[in-house]
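Visitor: Please read through the structure below; I'll follow up with questions.
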Amino acid sequence: MNFLEERICKDGVVKEGNVLKVDSFLNHQMDIELFEKIGEEFKRRFSEEKIDKILTIESSGIGIACIVARYFNVPVVFAKKAKSINIDGDMYIAEVESFTHKCKNQVIVSKKFLNEGENVLIIDDFMANGCAMQGLISIVNEAGASVEGIGIVIEKGFQAGGKIIRNLGYKLESLAIVDGMNAETGEIQFREQ
């Protein structure tokens with residue numbers, strides 16, 4: 001069991017509907033010491049790749065992406081879920097469906113922050129059905145940049161997202177893959193990696 005799986009078992013809460021609450025340390029209250037370990041591990045797993053930018057999606061991926069970016073010494077760009085008056089000029093837009101929020105959003109990245117020929121590492125906190133990842137991949141491709149890898153903190157292995165992204169040929173590294181959860185007992189089964 002790795003450091004992240006141990007933390008999930010200690011502080012994660014399994015809820016009905018295949019929901020794993022990790023808000024006490026990952027995506028509401030953030031444990032920066034844990035994020036440092038996550039950043040270090042993603043740097044190890046993607047050390048062979050040339051990375052120019054980290055791309056994530058607001059909002060839960062931003063903190064993690066910032067720590068990962070320190071290890072690669074590159075900037076972070078995050079896809080916004082709503083257009084604001086602060087975004088000007090041309091934009092890349094993709095529609096993504098959120099498993100957690102049960103809604104569709106357009107995500108937006110300003111064209112001035114993602115450029116042709118750049119090597120991009122996509123980072124996010126969770127993957128369920130892979131819709132957010134497919135949206136971010138489409139934005140990177142539209143920019144003429146290259147997805148060098150995808151780092152996910154927690155993948156729900158019993159949902160299709162990981163399989164879809166891997167079948168598309170992308171290098172996907174998930175630090176913890178949950179293969180099953182029981183809301184009644186609180187038990188979590190992790191995939192052997």
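Ligands are numbered from 1 in the order shown, residues from 1 within each chain, and chains are lettered A, B, ... in the order they appear in the structure tokens.
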Can you build me a table of segment 79-186 of chain A residues sitting at most 7 Å from segment 50-70 of chain A, with the closest atom pair per residue and its distance in Å to one decimal, using only C-alpha atoms, sorted by chain and residue number, as a tab-separated table?
Guide:
residue	atom	partner	partner_atom	distance
A:Ala79	CA	A:Ile57	CA	4.6
A:Lys80	CA	A:Glu58	CA	5.7
A:Lys81	CA	A:Glu58	CA	6.7
A:Glu118	CA	A:Asp52	CA	5.9
A:Asn119	CA	A:Ile51	CA	5.0
A:Val120	CA	A:Lys53	CA	5.0
A:Leu121	CA	A:Ile54	CA	4.9
A:Ile122	CA	A:Leu55	CA	4.7
A:Ile123	CA	A:Thr56	CA	5.3
A:Asp124	CA	A:Gly61	CA	4.6
A:Asp125	CA	A:Gly61	CA	5.2
Visitor: Could you dump the residues just selected with N, CA and C atoms as a tab-separated table (two decimals), in the first residue's frame?
Guide:
chain	number	residue	atom	x	y	z
A	79	ALA	N	-7.86	25.16	-17.09
A	79	ALA	CA	-9.05	25.39	-17.89
A	79	ALA	C	-10.14	25.92	-16.95
A	80	LYS	N	-10.71	27.05	-17.34
A	80	LYS	CA	-11.78	27.66	-16.55
A	80	LYS	C	-13.12	27.08	-16.97
A	81	LYS	N	-14.01	26.98	-16.00
A	81	LYS	CA	-15.33	26.42	-16.28
A	81	LYS	C	-16.36	27.48	-16.66
A	118	GLU	N	4.27	22.86	-27.78
A	118	GLU	CA	4.57	22.67	-26.35
A	118	GLU	C	4.25	21.24	-25.92
A	119	ASN	N	5.01	20.79	-24.94
A	119	ASN	CA	4.82	19.46	-24.35
A	119	ASN	C	4.08	19.62	-23.03
A	120	VAL	N	2.91	19.01	-22.94
A	120	VAL	CA	1.99	19.28	-21.83
A	120	VAL	C	1.80	18.01	-20.98
A	121	LEU	N	1.86	18.21	-19.67
A	121	LEU	CA	1.50	17.17	-18.71
A	121	LEU	C	0.17	17.60	-18.10
A	122	ILE	N	-0.85	16.76	-18.24
A	122	ILE	CA	-2.17	17.04	-17.67
A	122	ILE	C	-2.23	16.41	-16.28
A	123	ILE	N	-2.68	17.20	-15.30
A	123	ILE	CA	-2.77	16.74	-13.91
A	123	ILE	C	-4.19	17.00	-13.41
A	124	ASP	N	-4.75	16.02	-12.67
A	124	ASP	CA	-6.05	16.26	-12.04
A	124	ASP	C	-6.16	15.40	-10.78
A	125	ASP	N	-7.12	15.75	-9.93
A	125	ASP	CA	-7.28	15.03	-8.67
A	125	ASP	C	-7.99	13.70	-8.84
Visitor: Residues within 10 Å of Ala160 of chain A, please, as a list in words. Count only C-alpha atoms; anything in the same chain fewer than 5 positions from it doesn't count.
Guide: Met127, Ala128, Asn129, Gly130, Cys131, Glu155 and Ile165 of chain A
Visitor: So that I can see what lies close to segment 175-181 of chain A, please list as a list in words the residues with an atom at most 6 Å from it, counting only C-alpha atoms and leaving out residues fewer than 6 positions away in the same chain.
Guide: Val153, Ile154, Glu155, Lys156, Gly157, Phe158, Glu187, Ile188, Gln189, Phe190 and Arg191 of chain A
Visitor: For segment 102-114 of chain A, please output as a PyMOL selection string all residues within 6 Å (counting only C-alpha atoms; exclusion window: fewer than 6 positions along the same chain).
Guide: chain A and resi 79-81+90-96
Visitor: Figure out the distance between atom CA of Cys9 of chain A and atom CA of Met133 of chain A, please, to one decimal in Å.
Guide: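 According to the coordinates, atom CA of Met133 of chain A and atom CA of Cys9 of chain A are separated by 25.6 Å.
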Visitor: Just the number, please: distance in Å from atom CA of Ser174 of chain A to atom CA of Glu16 of chain A, one decimal.
Guide: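 Value for the atom CA of Ser174 of chain A-atom CA of Glu16 of chain A distance: 23.1 Å.
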Visitor: May I ask which of the residues A:Asp31, A:Glu36, A:Glu48, A:Glu116 is the closest one to Ala143 of chain A, counting only C-alpha atoms?
Guide: A:Glu116
Visitor: For a test of reading the model, state the distance in Å between atom CA of Gln134 of chain A and atom CA of Lys163 of chain A, rounded to one decimal.
Guide: 12.1 Å
Visitor: What are the DSSP helix (DSSP H, G or I) residues of segment 22-190 of chain A, as a ChimeraX atom specification?
Guide: /A:32-45,60-72,111-113,131-143,161-167
Visitor: Just write the chosen residues, C-alpha atoms, as a short mmCIF file (atom, residue, chain, number, x, y, z; two decimals), in the first residue's frame.
Guide:
data_model
loop_
_atom_site.label_atom_id
_atom_site.label_comp_id
_atom_site.auth_asym_id
_atom_site.auth_seq_id
_atom_site.Cartn_x
_atom_site.Cartn_y
_atom_site.Cartn_z
CA ILE A 32 0.45 20.47 1.44
CA GLU A 33 2.87 17.90 2.85
CA LEU A 34 0.87 15.22 1.04
CA PHE A 35 0.82 17.39 -2.11
CA GLU A 36 4.63 17.56 -1.94
CA LYS A 37 4.79 13.75 -1.96
CA ILE A 38 2.32 13.69 -4.87
CA GLY A 39 4.42 16.22 -6.81
CA GLU A 40 7.58 14.25 -6.17
CA GLU A 41 5.93 11.02 -7.31
CA PHE A 42 4.60 12.55 -10.54
CA LYS A 43 8.07 13.96 -11.23
CA ARG A 44 9.50 10.44 -10.78
CA ARG A 45 6.88 8.85 -13.03
CA SER A 60 -9.71 20.88 -7.42
CA GLY A 61 -6.75 20.16 -9.69
CA ILE A 62 -5.15 23.58 -9.32
CA GLY A 63 -3.41 23.12 -5.96
CA ILE A 64 -2.01 19.74 -6.96
CA ALA A 65 -0.90 21.02 -10.37
CA CYS A 66 0.94 23.95 -8.75
CA ILE A 67 3.00 21.64 -6.55
CA VAL A 68 3.72 19.29 -9.48
CA ALA A 69 4.80 22.31 -11.57
CA ARG A 70 7.42 23.20 -8.96
CA TYR A 71 9.07 19.82 -9.56
CA PHE A 72 9.15 20.42 -13.33
CA LYS A 111 -4.93 30.61 -26.71
CA LYS A 112 -2.10 32.83 -25.49
CA PHE A 113 -1.26 30.33 -22.71
CA CYS A 131 -14.75 13.21 -19.71
CA ALA A 132 -12.64 16.02 -18.25
CA MET A 133 -9.46 14.36 -19.56
CA GLN A 134 -10.92 13.98 -23.03
CA GLY A 135 -11.84 17.67 -23.00
CA LEU A 136 -8.34 18.72 -21.92
CA ILE A 137 -6.75 16.39 -24.50
CA SER A 138 -8.89 17.96 -27.23
CA ILE A 139 -7.76 21.45 -26.16
CA VAL A 140 -4.08 20.42 -26.23
CA ASN A 141 -4.54 18.84 -29.67
CA GLU A 142 -6.38 21.90 -30.99
CA ALA A 143 -3.45 24.05 -29.83
CA GLY A 161 -12.22 6.68 -17.79
CA GLY A 162 -8.82 5.08 -17.25
CA LYS A 163 -9.43 2.37 -19.82
CA ILE A 164 -10.66 4.89 -22.41
CA ILE A 165 -7.65 7.19 -21.97
CA ARG A 166 -5.14 4.30 -22.01
CA ASN A 167 -6.82 2.84 -25.12
#
